[in-house]
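Undergrad: Sharing data_5.pdb (PDB, C-alpha atoms, pLDDT in the B column) below.
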```pdb
ATOM      1  CA  MET A   1     -49.003  10.626 -26.962  1.00 56.00           C
ATOM      2  CA  LYS A   2     -45.391  10.094 -27.943  1.00 64.00           C
ATOM      3  CA  ARG A   3     -44.206  13.061 -25.871  1.00 69.00           C
ATOM      4  CA  SER A   4     -45.881  11.864 -22.696  1.00 74.00           C
ATOM      5  CA  TYR A   5     -44.383   8.402 -23.185  1.00 73.00           C
ATOM      6  CA  ILE A   6     -40.913   9.906 -23.687  1.00 74.00           C
ATOM      7  CA  ARG A   7     -41.297  12.141 -20.625  1.00 76.00           C
ATOM      8  CA  ARG A   8     -42.351   9.203 -18.455  1.00 75.00           C
ATOM      9  CA  ALA A   9     -39.434   7.146 -19.748  1.00 72.00           C
ATOM     10  CA  LEU A  10     -37.003   9.979 -19.049  1.00 74.00           C
ATOM     11  CA  THR A  11     -38.289  10.409 -15.509  1.00 79.00           C
ATOM     12  CA  TYR A  12     -37.160   6.823 -14.832  1.00 79.00           C
ATOM     13  CA  ILE A  13     -34.023   6.702 -16.978  1.00 82.00           C
ATOM     14  CA  ILE A  14     -32.342   9.913 -15.795  1.00 80.00           C
ATOM     15  CA  PRO A  15     -32.394   9.006 -12.068  1.00 82.00           C
ATOM     16  CA  MET A  16     -31.098   5.507 -12.888  1.00 83.00           C
ATOM     17  CA  LEU A  17     -28.249   6.951 -14.955  1.00 84.00           C
ATOM     18  CA  LEU A  18     -27.364   9.420 -12.200  1.00 84.00           C
ATOM     19  CA  PHE A  19     -27.371   6.592  -9.655  1.00 85.00           C
ATOM     20  CA  ALA A  20     -25.115   4.477 -11.896  1.00 85.00           C
ATOM     21  CA  VAL A  21     -22.673   7.381 -12.340  1.00 85.00           C
ATOM     22  CA  MET A  22     -22.597   8.065  -8.587  1.00 88.00           C
ATOM     23  CA  LEU A  23     -22.071   4.366  -7.836  1.00 86.00           C
ATOM     24  CA  ALA A  24     -19.180   4.165 -10.324  1.00 86.00           C
ATOM     25  CA  TRP A  25     -17.614   7.309  -8.831  1.00 87.00           C
ATOM     26  CA  PHE A  26     -17.902   5.829  -5.320  1.00 84.00           C
ATOM     27  CA  LEU A  27     -16.303   2.524  -6.348  1.00 84.00           C
ATOM     28  CA  ILE A  28     -13.418   4.309  -8.056  1.00 83.00           C
ATOM     29  CA  ALA A  29     -12.864   6.469  -4.952  1.00 81.00           C
ATOM     30  CA  VAL A  30     -12.799   3.411  -2.667  1.00 78.00           C
ATOM     31  CA  ASN A  31     -10.331   1.638  -4.956  1.00 76.00           C
ATOM     32  CA  ASN A  32      -8.021   4.676  -5.014  1.00 74.00           C
ATOM     33  CA  ALA A  33      -8.150   4.998  -1.227  1.00 72.00           C
ATOM     34  CA  ASP A  34      -7.232   1.317  -0.805  1.00 72.00           C
ATOM     35  CA  SER A  35      -4.313   1.674  -3.200  1.00 72.00           C
ATOM     36  CA  SER A  36      -3.063   4.780  -1.413  1.00 76.00           C
ATOM     37  CA  THR A  37      -3.236   3.030   1.961  1.00 80.00           C
ATOM     38  CA  LYS A  38      -1.175   0.103   0.699  1.00 82.00           C
ATOM     39  CA  GLU A  39       1.495   2.456  -0.628  1.00 85.00           C
ATOM     40  CA  ARG A  40       1.670   4.257   2.729  1.00 88.00           C
ATOM     41  CA  GLU A  41       1.979   0.972   4.632  1.00 89.00           C
ATOM     42  CA  LEU A  42       4.793  -0.153   2.340  1.00 90.00           C
ATOM     43  CA  ALA A  43       6.606   3.162   2.819  1.00 91.00           C
ATOM     44  CA  ALA A  44       6.137   2.926   6.604  1.00 92.00           C
ATOM     45  CA  VAL A  45       7.697  -0.552   6.734  1.00 92.00           C
ATOM     46  CA  LYS A  46      10.684   0.590   4.664  1.00 93.00           C
ATOM     47  CA  SER A  47      11.089   3.717   6.783  1.00 93.00           C
ATOM     48  CA  THR A  48      10.991   1.666   9.988  1.00 93.00           C
ATOM     49  CA  ILE A  49      13.718  -0.660   8.706  1.00 94.00           C
ATOM     50  CA  GLU A  50      15.828   2.282   7.509  1.00 93.00           C
ATOM     51  CA  ASN A  51      15.492   3.942  10.926  1.00 93.00           C
ATOM     52  CA  GLY A  52      16.528   0.706  12.624  1.00 93.00           C
ATOM     53  CA  VAL A  53      19.587   0.451  10.360  1.00 94.00           C
ATOM     54  CA  THR A  54      20.570   4.019  11.217  1.00 94.00           C
ATOM     55  CA  MET A  55      20.025   3.474  14.939  1.00 93.00           C
ATOM     56  CA  CYS A  56      22.123   0.308  14.901  1.00 93.00           C
ATOM     57  CA  TYR A  57      24.968   2.107  13.128  1.00 94.00           C
ATOM     58  CA  ALA A  58      24.794   5.027  15.563  1.00 94.00           C
ATOM     59  CA  ILE A  59      24.908   2.747  18.611  1.00 93.00           C
ATOM     60  CA  GLU A  60      27.219  -0.049  17.469  1.00 92.00           C
ATOM     61  CA  GLY A  61      29.339   1.640  14.789  1.00 91.00           C
ATOM     62  CA  ALA A  62      28.414  -0.994  12.194  1.00 92.00           C
ATOM     63  CA  TYR A  63      25.384  -1.714  10.096  1.00 93.00           C
ATOM     64  CA  PRO A  64      23.313  -4.753  11.119  1.00 93.00           C
ATOM     65  CA  GLU A  65      23.991  -8.100   9.483  1.00 92.00           C
ATOM     66  CA  SER A  66      20.351  -8.755   8.665  1.00 92.00           C
ATOM     67  CA  VAL A  67      16.777  -7.705   9.281  1.00 92.00           C
ATOM     68  CA  ASP A  68      16.536 -10.539  11.805  1.00 92.00           C
ATOM     69  CA  TYR A  69      19.305  -8.860  13.818  1.00 93.00           C
ATOM     70  CA  LEU A  70      17.219  -5.681  13.908  1.00 92.00           C
ATOM     71  CA  ALA A  71      14.199  -7.680  15.044  1.00 92.00           C
ATOM     72  CA  GLU A  72      16.123  -9.424  17.833  1.00 93.00           C
ATOM     73  CA  ASN A  73      18.113  -6.457  19.139  1.00 92.00           C
ATOM     74  CA  TYR A  74      16.106  -3.365  18.237  1.00 91.00           C
ATOM     75  CA  GLY A  75      12.529  -4.597  18.350  1.00 90.00           C
ATOM     76  CA  LEU A  76      11.777  -4.337  14.630  1.00 91.00           C
ATOM     77  CA  ILE A  77       8.331  -5.755  13.927  1.00 90.00           C
ATOM     78  CA  TYR A  78       6.646  -6.119  10.545  1.00 89.00           C
ATOM     79  CA  ASP A  79       4.230  -8.581   8.977  1.00 88.00           C
ATOM     80  CA  LYS A  80       6.443 -11.182   7.308  1.00 89.00           C
ATOM     81  CA  ASP A  81       3.424 -12.790   5.670  1.00 89.00           C
ATOM     82  CA  LYS A  82       2.504  -9.507   3.988  1.00 90.00           C
ATOM     83  CA  TYR A  83       5.927  -8.064   3.041  1.00 91.00           C
ATOM     84  CA  ILE A  84       9.141  -9.329   1.486  1.00 92.00           C
ATOM     85  CA  VAL A  85      12.241  -7.467   2.657  1.00 93.00           C
ATOM     86  CA  TYR A  86      15.375  -7.515   0.518  1.00 94.00           C
ATOM     87  CA  TYR A  87      18.347  -6.540   2.667  1.00 93.00           C
ATOM     88  CA  ASP A  88      21.743  -6.419   0.954  1.00 93.00           C
ATOM     89  CA  ARG A  89      24.697  -5.657   3.218  1.00 91.00           C
ATOM     90  CA  PHE A  90      28.091  -5.286   1.589  1.00 88.00           C
ATOM     91  CA  ALA A  91      30.291  -4.314   4.548  1.00 87.00           C
ATOM     92  CA  ASP A  92      30.070  -3.093   8.144  1.00 85.00           C
ATOM     93  CA  ASN A  93      30.659   0.534   7.179  1.00 89.00           C
ATOM     94  CA  ILE A  94      28.633   0.750   3.941  1.00 92.00           C
ATOM     95  CA  ARG A  95      24.924   1.381   4.255  1.00 93.00           C
ATOM     96  CA  PRO A  96      22.918  -1.657   3.145  1.00 94.00           C
ATOM     97  CA  THR A  97      20.320  -1.568   0.414  1.00 93.00           C
ATOM     98  CA  VAL A  98      16.781  -2.095   1.689  1.00 93.00           C
ATOM     99  CA  SER A  99      13.817  -2.883  -0.542  1.00 93.00           C
ATOM    100  CA  VAL A 100      10.344  -3.808   0.630  1.00 93.00           C
ATOM    101  CA  LEU A 101       7.780  -5.503  -1.587  1.00 92.00           C
ATOM    102  CA  GLU A 102       4.238  -6.550  -0.880  1.00 88.00           C
ATOM    103  CA  ARG A 103       3.544 -10.268  -1.184  1.00 86.00           C
ATOM    104  CA  ARG A 104       0.856 -11.121  -3.697  1.00 80.00           C
ATOM    105  CA  THR A 105      -1.588 -13.730  -2.540  1.00 71.00           C
ATOM    106  CA  ALA A 106      -3.616 -15.894  -4.862  1.00 60.00           C
ATOM    107  CA  GLU A 107      -7.224 -14.796  -4.608  1.00 57.00           C
TER     108      GLU A 107
END
```
Please render this file's structure as structure tokens.
TA:
Amino acid sequence: MKRSYIRRALTYIIPMLLFAVMLAWFLIAVNNADSSTKERELAAVKSTIENGVTMCYAIEGAYPESVDYLAENYGLIYDKDKYIVYYDRFADNIRPTVSVLERRTAE
């Protein structure tokens, strides 16, 4: 009697445990994919700004004064609500420091 009860219980418990493990694995995979996508977007924005800086220097012989200058004259577009760009220019002939951070929104 005990064995049949245990077998019946296991026939329900094992599939539920397998489902829970598969669900957890799926949620972890989705979270990792989202994180990886955000990192790639951040790198793409920084790369686009860096390319604009290089293009400006190649054409004009001086680095741009600001990111706004790149937007006005070289068509730089990025989501200002999503990213913070730190652009530090020391002189016309010294490459500026560019850092891009993602804005955190209160959720």
Undergrad: Using the chain letters and numbers from this file, what does the PyMOL selection byres ((chain A and resi 38-43) around 12) select? Give the answer as a PyMOL selection string.
TA: chain A and resi 31-37+44-50+78-79+82-85+98-103
Undergrad: Name every residue that the PyMOL selection byres ((chain A and resi 56-68) around 9) selects in this structure, writing the answer as a ChimeraX atom specification with chains first and numbers rising.
TA: /A:49,51-55,69-74,76,85-89,91-96
Undergrad: Go ahead and save the picked residues with C-alpha atoms, as a PDB file, in the coordinates of the input.
TA:
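What follows is the written file selection_9.pdb:
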```
ATOM      1  CA  ILE A  49      13.718  -0.660   8.706  1.00 94.00           C
ATOM      2  CA  ASN A  51      15.492   3.942  10.926  1.00 93.00           C
ATOM      3  CA  GLY A  52      16.528   0.706  12.624  1.00 93.00           C
ATOM      4  CA  VAL A  53      19.587   0.451  10.360  1.00 94.00           C
ATOM      5  CA  THR A  54      20.570   4.019  11.217  1.00 94.00           C
ATOM      6  CA  MET A  55      20.025   3.474  14.939  1.00 93.00           C
ATOM      7  CA  TYR A  69      19.305  -8.860  13.818  1.00 93.00           C
ATOM      8  CA  LEU A  70      17.219  -5.681  13.908  1.00 92.00           C
ATOM      9  CA  ALA A  71      14.199  -7.680  15.044  1.00 92.00           C
ATOM     10  CA  GLU A  72      16.123  -9.424  17.833  1.00 93.00           C
ATOM     11  CA  ASN A  73      18.113  -6.457  19.139  1.00 92.00           C
ATOM     12  CA  TYR A  74      16.106  -3.365  18.237  1.00 91.00           C
ATOM     13  CA  LEU A  76      11.777  -4.337  14.630  1.00 91.00           C
ATOM     14  CA  VAL A  85      12.241  -7.467   2.657  1.00 93.00           C
ATOM     15  CA  TYR A  86      15.375  -7.515   0.518  1.00 94.00           C
ATOM     16  CA  TYR A  87      18.347  -6.540   2.667  1.00 93.00           C
ATOM     17  CA  ASP A  88      21.743  -6.419   0.954  1.00 93.00           C
ATOM     18  CA  ARG A  89      24.697  -5.657   3.218  1.00 91.00           C
ATOM     19  CA  ALA A  91      30.291  -4.314   4.548  1.00 87.00           C
ATOM     20  CA  ASP A  92      30.070  -3.093   8.144  1.00 85.00           C
ATOM     21  CA  ASN A  93      30.659   0.534   7.179  1.00 89.00           C
ATOM     22  CA  ILE A  94      28.633   0.750   3.941  1.00 92.00           C
ATOM     23  CA  ARG A  95      24.924   1.381   4.255  1.00 93.00           C
ATOM     24  CA  PRO A  96      22.918  -1.657   3.145  1.00 94.00           C
TER      25      PRO A  96
END
```
Undergrad: Could you work out how far CA of Ala9 (chain A) lies from CA of Ala24 (chain A), giving the answer in Å with one decimal?
TA: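 Interatomic distance here is 22.5 Å.
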Undergrad: Kindly reconstruct region 85-96 of chain A with all heavy atoms and present the result as a PDB file, keeping the file's coordinate frame.
TA:
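Generated output (result_26.pdb):
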```
ATOM      1  N   VAL A  85      11.193  -8.454   2.460  1.00 93.00           N
ATOM      2  CA  VAL A  85      12.241  -7.467   2.657  1.00 93.00           C
ATOM      3  C   VAL A  85      13.527  -7.988   2.035  1.00 93.00           C
ATOM      4  O   VAL A  85      13.994  -9.086   2.363  1.00 93.00           O
ATOM      5  CB  VAL A  85      12.455  -7.174   4.164  1.00 93.00           C
ATOM      6  CG1 VAL A  85      13.629  -6.231   4.363  1.00 93.00           C
ATOM      7  CG2 VAL A  85      11.197  -6.592   4.771  1.00 93.00           C
ATOM      8  N   TYR A  86      14.085  -7.211   1.128  1.00 94.00           N
ATOM      9  CA  TYR A  86      15.375  -7.515   0.518  1.00 94.00           C
ATOM     10  C   TYR A  86      16.396  -6.630   1.215  1.00 94.00           C
ATOM     11  O   TYR A  86      16.322  -5.406   1.168  1.00 94.00           O
ATOM     12  CB  TYR A  86      15.338  -7.232  -0.993  1.00 94.00           C
ATOM     13  CG  TYR A  86      16.683  -7.373  -1.641  1.00 94.00           C
ATOM     14  CD1 TYR A  86      17.233  -8.623  -1.877  1.00 94.00           C
ATOM     15  CD2 TYR A  86      17.407  -6.251  -2.025  1.00 94.00           C
ATOM     16  CE1 TYR A  86      18.473  -8.754  -2.468  1.00 94.00           C
ATOM     17  CE2 TYR A  86      18.639  -6.368  -2.618  1.00 94.00           C
ATOM     18  CZ  TYR A  86      19.173  -7.619  -2.834  1.00 94.00           C
ATOM     19  OH  TYR A  86      20.407  -7.743  -3.420  1.00 94.00           O
ATOM     20  N   TYR A  87      17.343  -7.254   1.891  1.00 93.00           N
ATOM     21  CA  TYR A  87      18.347  -6.540   2.667  1.00 93.00           C
ATOM     22  C   TYR A  87      19.715  -6.987   2.168  1.00 93.00           C
ATOM     23  O   TYR A  87      20.106  -8.139   2.344  1.00 93.00           O
ATOM     24  CB  TYR A  87      18.164  -6.869   4.152  1.00 93.00           C
ATOM     25  CG  TYR A  87      19.056  -6.101   5.088  1.00 93.00           C
ATOM     26  CD1 TYR A  87      18.684  -4.861   5.551  1.00 93.00           C
ATOM     27  CD2 TYR A  87      20.263  -6.633   5.514  1.00 93.00           C
ATOM     28  CE1 TYR A  87      19.499  -4.155   6.423  1.00 93.00           C
ATOM     29  CE2 TYR A  87      21.080  -5.939   6.378  1.00 93.00           C
ATOM     30  CZ  TYR A  87      20.696  -4.705   6.830  1.00 93.00           C
ATOM     31  OH  TYR A  87      21.502  -3.998   7.691  1.00 93.00           O
ATOM     32  N   ASP A  88      20.447  -6.086   1.530  1.00 93.00           N
ATOM     33  CA  ASP A  88      21.743  -6.419   0.954  1.00 93.00           C
ATOM     34  C   ASP A  88      22.826  -5.608   1.655  1.00 93.00           C
ATOM     35  O   ASP A  88      22.923  -4.398   1.475  1.00 93.00           O
ATOM     36  CB  ASP A  88      21.742  -6.138  -0.556  1.00 93.00           C
ATOM     37  CG  ASP A  88      23.020  -6.580  -1.221  1.00 93.00           C
ATOM     38  OD1 ASP A  88      23.654  -7.540  -0.729  1.00 93.00           O
ATOM     39  OD2 ASP A  88      23.391  -5.967  -2.240  1.00 93.00           O
ATOM     40  N   ARG A  89      23.626  -6.302   2.457  1.00 91.00           N
ATOM     41  CA  ARG A  89      24.697  -5.657   3.218  1.00 91.00           C
ATOM     42  C   ARG A  89      26.027  -6.045   2.595  1.00 91.00           C
ATOM     43  O   ARG A  89      26.348  -7.225   2.456  1.00 91.00           O
ATOM     44  CB  ARG A  89      24.632  -6.118   4.671  1.00 91.00           C
ATOM     45  CG  ARG A  89      25.708  -5.547   5.530  1.00 91.00           C
ATOM     46  CD  ARG A  89      25.494  -6.017   6.972  1.00 91.00           C
ATOM     47  NE  ARG A  89      26.633  -5.695   7.771  1.00 91.00           N
ATOM     48  CZ  ARG A  89      27.532  -6.578   8.190  1.00 91.00           C
ATOM     49  NH1 ARG A  89      27.394  -7.849   7.880  1.00 91.00           N
ATOM     50  NH2 ARG A  89      28.547  -6.191   8.918  1.00 91.00           N
ATOM     51  N   PHE A  90      26.810  -5.048   2.245  1.00 88.00           N
ATOM     52  CA  PHE A  90      28.091  -5.286   1.589  1.00 88.00           C
ATOM     53  C   PHE A  90      29.231  -5.345   2.612  1.00 88.00           C
ATOM     54  O   PHE A  90      30.064  -6.216   2.569  1.00 88.00           O
ATOM     55  CB  PHE A  90      28.351  -4.198   0.545  1.00 88.00           C
ATOM     56  CG  PHE A  90      29.658  -4.319  -0.155  1.00 88.00           C
ATOM     57  CD1 PHE A  90      29.867  -5.340  -1.077  1.00 88.00           C
ATOM     58  CD2 PHE A  90      30.692  -3.443   0.099  1.00 88.00           C
ATOM     59  CE1 PHE A  90      31.075  -5.469  -1.724  1.00 88.00           C
ATOM     60  CE2 PHE A  90      31.903  -3.564  -0.541  1.00 88.00           C
ATOM     61  CZ  PHE A  90      32.097  -4.576  -1.448  1.00 88.00           C
ATOM     62  N   ALA A  91      29.234  -4.378   3.530  1.00 87.00           N
ATOM     63  CA  ALA A  91      30.291  -4.314   4.548  1.00 87.00           C
ATOM     64  C   ALA A  91      29.736  -3.621   5.788  1.00 87.00           C
ATOM     65  O   ALA A  91      28.662  -3.025   5.757  1.00 87.00           O
ATOM     66  CB  ALA A  91      31.489  -3.546   4.004  1.00 87.00           C
ATOM     67  N   ASP A  92      30.504  -3.698   6.881  1.00 85.00           N
ATOM     68  CA  ASP A  92      30.070  -3.093   8.144  1.00 85.00           C
ATOM     69  C   ASP A  92      29.869  -1.586   8.045  1.00 85.00           C
ATOM     70  O   ASP A  92      29.030  -1.023   8.736  1.00 85.00           O
ATOM     71  CB  ASP A  92      31.092  -3.371   9.251  1.00 85.00           C
ATOM     72  CG  ASP A  92      31.062  -4.810   9.718  1.00 85.00           C
ATOM     73  OD1 ASP A  92      30.123  -5.537   9.336  1.00 85.00           O
ATOM     74  OD2 ASP A  92      31.979  -5.195  10.477  1.00 85.00           O
ATOM     75  N   ASN A  93      30.677  -0.928   7.223  1.00 89.00           N
ATOM     76  CA  ASN A  93      30.659   0.534   7.179  1.00 89.00           C
ATOM     77  C   ASN A  93      29.980   1.115   5.931  1.00 89.00           C
ATOM     78  O   ASN A  93      30.035   2.312   5.698  1.00 89.00           O
ATOM     79  CB  ASN A  93      32.087   1.076   7.291  1.00 89.00           C
ATOM     80  CG  ASN A  93      32.949   0.617   6.131  1.00 89.00           C
ATOM     81  OD1 ASN A  93      32.612  -0.322   5.434  1.00 89.00           O
ATOM     82  ND2 ASN A  93      34.073   1.280   5.947  1.00 89.00           N
ATOM     83  N   ILE A  94      29.359   0.277   5.130  1.00 92.00           N
ATOM     84  CA  ILE A  94      28.633   0.750   3.941  1.00 92.00           C
ATOM     85  C   ILE A  94      27.155   0.465   4.151  1.00 92.00           C
ATOM     86  O   ILE A  94      26.759  -0.658   4.451  1.00 92.00           O
ATOM     87  CB  ILE A  94      29.142   0.050   2.662  1.00 92.00           C
ATOM     88  CG1 ILE A  94      30.618   0.408   2.449  1.00 92.00           C
ATOM     89  CG2 ILE A  94      28.297   0.465   1.462  1.00 92.00           C
ATOM     90  CD1 ILE A  94      31.255  -0.312   1.291  1.00 92.00           C
ATOM     91  N   ARG A  95      26.358   1.502   3.992  1.00 93.00           N
ATOM     92  CA  ARG A  95      24.924   1.381   4.255  1.00 93.00           C
ATOM     93  C   ARG A  95      24.299   0.319   3.355  1.00 93.00           C
ATOM     94  O   ARG A  95      24.470   0.342   2.132  1.00 93.00           O
ATOM     95  CB  ARG A  95      24.229   2.725   4.033  1.00 93.00           C
ATOM     96  CG  ARG A  95      22.771   2.708   4.451  1.00 93.00           C
ATOM     97  CD  ARG A  95      22.191   4.112   4.459  1.00 93.00           C
ATOM     98  NE  ARG A  95      20.854   4.102   4.989  1.00 93.00           N
ATOM     99  CZ  ARG A  95      20.536   4.177   6.273  1.00 93.00           C
ATOM    100  NH1 ARG A  95      21.479   4.267   7.164  1.00 93.00           N
ATOM    101  NH2 ARG A  95      19.290   4.164   6.669  1.00 93.00           N
ATOM    102  N   PRO A  96      23.551  -0.600   3.941  1.00 94.00           N
ATOM    103  CA  PRO A  96      22.918  -1.657   3.145  1.00 94.00           C
ATOM    104  C   PRO A  96      21.764  -1.131   2.296  1.00 94.00           C
ATOM    105  O   PRO A  96      21.181  -0.087   2.595  1.00 94.00           O
ATOM    106  CB  PRO A  96      22.405  -2.643   4.196  1.00 94.00           C
ATOM    107  CG  PRO A  96      22.313  -1.858   5.444  1.00 94.00           C
ATOM    108  CD  PRO A  96      23.305  -0.754   5.362  1.00 94.00           C
TER     109      PRO A  96
END
```
